[in-house]
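Inspection log for the structure reproduced underneath, given as structure tokens.
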Amino acid sequence: MNELFNFNYFSRAERDSMDLHKVDFSKYLSQLSDKSRRDSKPSHCFYCREKNNRFCNSHSVPASFLKNIAVDGKVFTTNVIIDLPILETEKGVNSSGTFQIICRKCDSEIFREYENASNYENMPTDKMLAQIAMKNHLRNIGKRLFEKSLYEHAIAELGNRLGKQYANMYFKEMLNVSKIDLLDYIRDFKKAKKAIEKEWENEYYLFFYERLEYVVPIAFQGEVCLNFDFNGNTINDVYNKSKHYNLQSLHIAIFPMKSYSIVMLFISKNSNRLRQFYKRFNSLEPSDKLSVVNYIILSYSEDVFMSKSIHDRLVNDEELKRIVGLTTIHFADSPIKNNDHLEHHFNLSDRHKTPNFLLMHHDNV
Ligand SMILES: [Zn+2]
């Protein structure tokens, strides 16, 4: 068995049963999550290292930008497309894409420049890019710490119920990947922090920066590890467990402002494996570039937020369901050696089959 899990594999009957047992299941899941969150909480602020400071609800996309596409203070999560009864379909701006590993004081200071909309009148500075990268790493560190703890609890619990062999089959591989990723993100975080402190220039390479003169109905900020470039060549092999193999991530920001939108893509200057990708990307037509960005965020991340004004027909689009349903959840009964099996799931040439949110306008209904 070696299978990448897609949320769309749940049948109607399974969804109905999930709906029926929603209360029990949510209770179980929230107990497991609470336990994992408690255990994975660092003892000190990840940025200033001070203990006992109150942790802040940091946002991946700044709340002040997300607000621009909110309707009655709420936005859709990608579950509006996947439609699983046990996941949340809409969220308040204040609880969307949050993580808690730095203190309030740090959160109010270390992202200030890039979170200020007026700083997008000009090209973003080196400092702003480093701030975005640093937050993306912190967000992923928070995520991986939580997952590591969650998988450990799940292995222990399933092990007690079904036997160790089954528990390992489901979660061991994911636990291993989480642990390796975590080290990569911590290293990258330290580098971004240093770049800001030392005011290093050109540490990040902004290869795409576009101001669209309308408000897109979607918001995103994060880093993704592209599996393949346009020709199907591997960029990141997430299953490579060598200590010397580092993931090279692509930073993406889609910021809806009051009357326009910013879309930008950048990488760390040492990300050589992304060179073919950005060269080819830069040669594409403007609207095609946006379709690539749209495809990547929807297929690689669950941290995409959508305006509640999006059209119903999108919610039922089959290809959209397929790519949004893609997960990194992998069931394997033996160690996975490389990412070959992912190629037909994550294929950039599928980008034209997907409705492109970056060509749509947020309509404040
Ligand atoms: Zn702090």
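Going through the structure tokens in order, the chains are called A, B, and so on, while each chain numbers its residues from 1 and the ligands are numbered from 1 in the order shown.
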
Give me, as CSV, each residue of range 197-273 of chain A that comes within 8 Å of range 156-180 of chain A, together with its shortest interatomic pair and the distance in Å at one decimal, counting only C-alpha atoms, with rows ordered by chain and rising residue number.
```
residue,atom,partner,partner_atom,distance
A:Val238,CA,A:Val177,CA,7.4
A:Tyr239,CA,A:Val177,CA,7.0
A:Lys241,CA,A:Ile180,CA,7.2
```

Write to file, as a compact mmCIF listing (two decimals), in the first residue's frame, the residues of the selection just made, with C-alpha atoms.
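This is the output file again_33.txt:
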```
# COMPACT_ATOMS: atom_id res chain seq x y z
CA VAL A 238 9.89 15.41 0.46
CA TYR A 239 10.79 11.78 1.14
CA LYS A 241 15.64 11.72 4.51
```

>> Could you list, as number ranges by chain, every residue within 12 Å of Asp72 in chain A, counting only C-alpha atoms and ignoring same-chain residues fewer than 3 positions away?
In response: A: 67-69, 75-76, 90-93, 307-309, 364-365

Show me a table, sorted first by chain and then by increasing residue number, of the residues of chain A having an atom at most 12 Å from ligand 1, each with its shortest atom pair and the distance in Å to one decimal, counting only C-alpha atoms and all ligand atoms and written as a Markdown table.
```
| residue | atom | partner | partner_atom_place_in_ligand_line | distance |
| --- | --- | --- | --- | --- |
| A:Pro42 | CA | ligand 1 | 1 (Zn) | 11.7 |
| A:Ser43 | CA | ligand 1 | 1 (Zn) | 11.4 |
| A:His44 | CA | ligand 1 | 1 (Zn) | 7.9 |
| A:Cys45 | CA | ligand 1 | 1 (Zn) | 4.6 |
| A:Phe46 | CA | ligand 1 | 1 (Zn) | 6.6 |
| A:Tyr47 | CA | ligand 1 | 1 (Zn) | 5.1 |
| A:Cys48 | CA | ligand 1 | 1 (Zn) | 4.1 |
| A:Arg49 | CA | ligand 1 | 1 (Zn) | 6.2 |
| A:Glu50 | CA | ligand 1 | 1 (Zn) | 6.0 |
| A:Lys51 | CA | ligand 1 | 1 (Zn) | 8.5 |
| A:Asn52 | CA | ligand 1 | 1 (Zn) | 9.8 |
| A:Asn53 | CA | ligand 1 | 1 (Zn) | 7.2 |
| A:Arg54 | CA | ligand 1 | 1 (Zn) | 8.8 |
| A:Phe55 | CA | ligand 1 | 1 (Zn) | 8.2 |
| A:Cys56 | CA | ligand 1 | 1 (Zn) | 9.2 |
| A:Ser58 | CA | ligand 1 | 1 (Zn) | 11.8 |
| A:Gln100 | CA | ligand 1 | 1 (Zn) | 11.1 |
| A:Ile101 | CA | ligand 1 | 1 (Zn) | 8.7 |
| A:Ile102 | CA | ligand 1 | 1 (Zn) | 5.3 |
| A:Cys103 | CA | ligand 1 | 1 (Zn) | 4.2 |
| A:Arg104 | CA | ligand 1 | 1 (Zn) | 6.8 |
| A:Lys105 | CA | ligand 1 | 1 (Zn) | 5.9 |
| A:Cys106 | CA | ligand 1 | 1 (Zn) | 4.4 |
| A:Asp107 | CA | ligand 1 | 1 (Zn) | 7.3 |
| A:Ser108 | CA | ligand 1 | 1 (Zn) | 9.6 |
| A:Glu109 | CA | ligand 1 | 1 (Zn) | 9.4 |
| A:Ile110 | CA | ligand 1 | 1 (Zn) | 9.3 |
```

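Residue nearest Tyr9 in chain A within the list A:Leu84, A:Leu342, A:Met123, A:Val315: A:Leu84 [criterion: smallest interatomic distance, only C-alpha atoms].
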
>> Nearest residue to Leu183 in chain A out of A:Lys135, A:Lys198, A:Lys143, A:Lys243, using only C-alpha atoms?
In response: A:Lys243

Need the shell around Ile235 in chain A: protein/DNA/RNA residues with any atom at most 10 Å away, counting only C-alpha atoms. Skip same-chain ones fewer than 5 positions apart. Format as a compact mmCIF listing (two decimals) with C-alpha atoms, in the first residue's frame?
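The result, written out as result-v4.txt:
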```
# COMPACT_ATOMS: atom_id res chain seq x y z
CA CYS A 225 7.66 22.95 -1.39
CA LEU A 226 6.97 22.40 -5.07
CA ASN A 227 7.42 18.77 -5.97
CA PHE A 228 8.04 19.26 -9.70
CA ASP A 229 8.85 21.98 -12.20
CA LEU A 247 13.81 21.54 1.14
CA GLN A 248 13.76 24.66 -1.02
CA SER A 249 10.54 26.53 -0.67
CA SER A 271 17.27 27.86 -3.78
CA ASN A 272 19.06 26.69 -6.93
CA ARG A 273 16.66 23.87 -7.61
CA LEU A 274 13.90 26.41 -8.30
CA ARG A 275 15.85 28.15 -11.07
CA GLN A 276 14.28 26.26 -13.98
CA PHE A 277 10.87 26.86 -12.49
```

> Looking only at the backbone, which of the residues in range 266-332 of chain A does DSSP tag as strand (DSSP E), as a VMD selection string?
Replying inline: chain A and resid 266 to 268 305 to 306 326 to 332

With N, CA and C atoms retained, could you export that selection as a short mmCIF file (atom, residue, chain, number, x, y, z; two decimals), in the first residue's frame?
```cif
data_model
loop_
_atom_site.label_atom_id
_atom_site.label_comp_id
_atom_site.auth_asym_id
_atom_site.auth_seq_id
_atom_site.Cartn_x
_atom_site.Cartn_y
_atom_site.Cartn_z
N PHE A 266 8.59 34.75 -4.26
CA PHE A 266 10.03 34.90 -4.10
C PHE A 266 10.63 33.66 -3.46
N ILE A 267 11.95 33.57 -3.56
CA ILE A 267 12.66 32.41 -3.01
C ILE A 267 13.89 32.91 -2.25
N SER A 268 14.46 32.04 -1.45
CA SER A 268 15.73 32.36 -0.80
C SER A 268 16.80 32.29 -1.89
N PHE A 305 -7.74 31.33 1.93
CA PHE A 305 -9.02 31.86 2.39
C PHE A 305 -9.75 32.52 1.25
N MET A 306 -11.06 32.30 1.21
CA MET A 306 -11.86 32.79 0.09
C MET A 306 -12.98 33.68 0.58
N LEU A 326 -6.36 17.41 -2.41
CA LEU A 326 -5.04 16.79 -2.28
C LEU A 326 -4.46 17.05 -0.89
N THR A 327 -3.85 16.04 -0.32
CA THR A 327 -3.28 16.22 1.01
C THR A 327 -1.83 15.73 1.00
N THR A 328 -1.17 15.90 2.11
CA THR A 328 0.16 15.29 2.25
C THR A 328 0.03 14.04 3.11
N ILE A 329 -1.21 13.68 3.40
CA ILE A 329 -1.43 12.50 4.23
C ILE A 329 -1.17 11.26 3.38
N HIS A 330 -0.24 10.49 3.85
CA HIS A 330 0.21 9.37 3.04
C HIS A 330 0.10 8.07 3.81
N PHE A 331 -0.57 7.11 3.22
CA PHE A 331 -0.65 5.81 3.87
C PHE A 331 0.31 4.85 3.17
N ALA A 332 1.26 4.34 3.92
CA ALA A 332 2.22 3.43 3.31
C ALA A 332 2.61 2.38 4.34
#
```

> What is the CA of Ser299 in chain A-CA of Thr98 in chain A distance in Å, reported with one decimal?
Replying inline: 20.2 Å

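Nearest to Phe146 in chain A of all the residues A:Gly222, A:Leu358, A:Asn122, A:Arg38 is A:Arg38, based on only C-alpha atoms.
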
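The coordinates place CA of Ser96 in chain A at 8.5 Å from CA of Asp303 in chain A.
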
> Please, which residues of range 94-297 of chain A, numbered as in this document, come out helix (DSSP H, G or I) from DSSP, as a VMD selection string?
Replying inline: chain A and resid 94 to 95 104 to 109 117 to 120 126 to 162 164 to 197 272 to 282 286 to 297

>> I'd like to know which of A:Val293, A:Val224, A:Val61, A:Leu150 is closest to Asp181 in chain A, using only C-alpha atoms.
In response: A:Val224
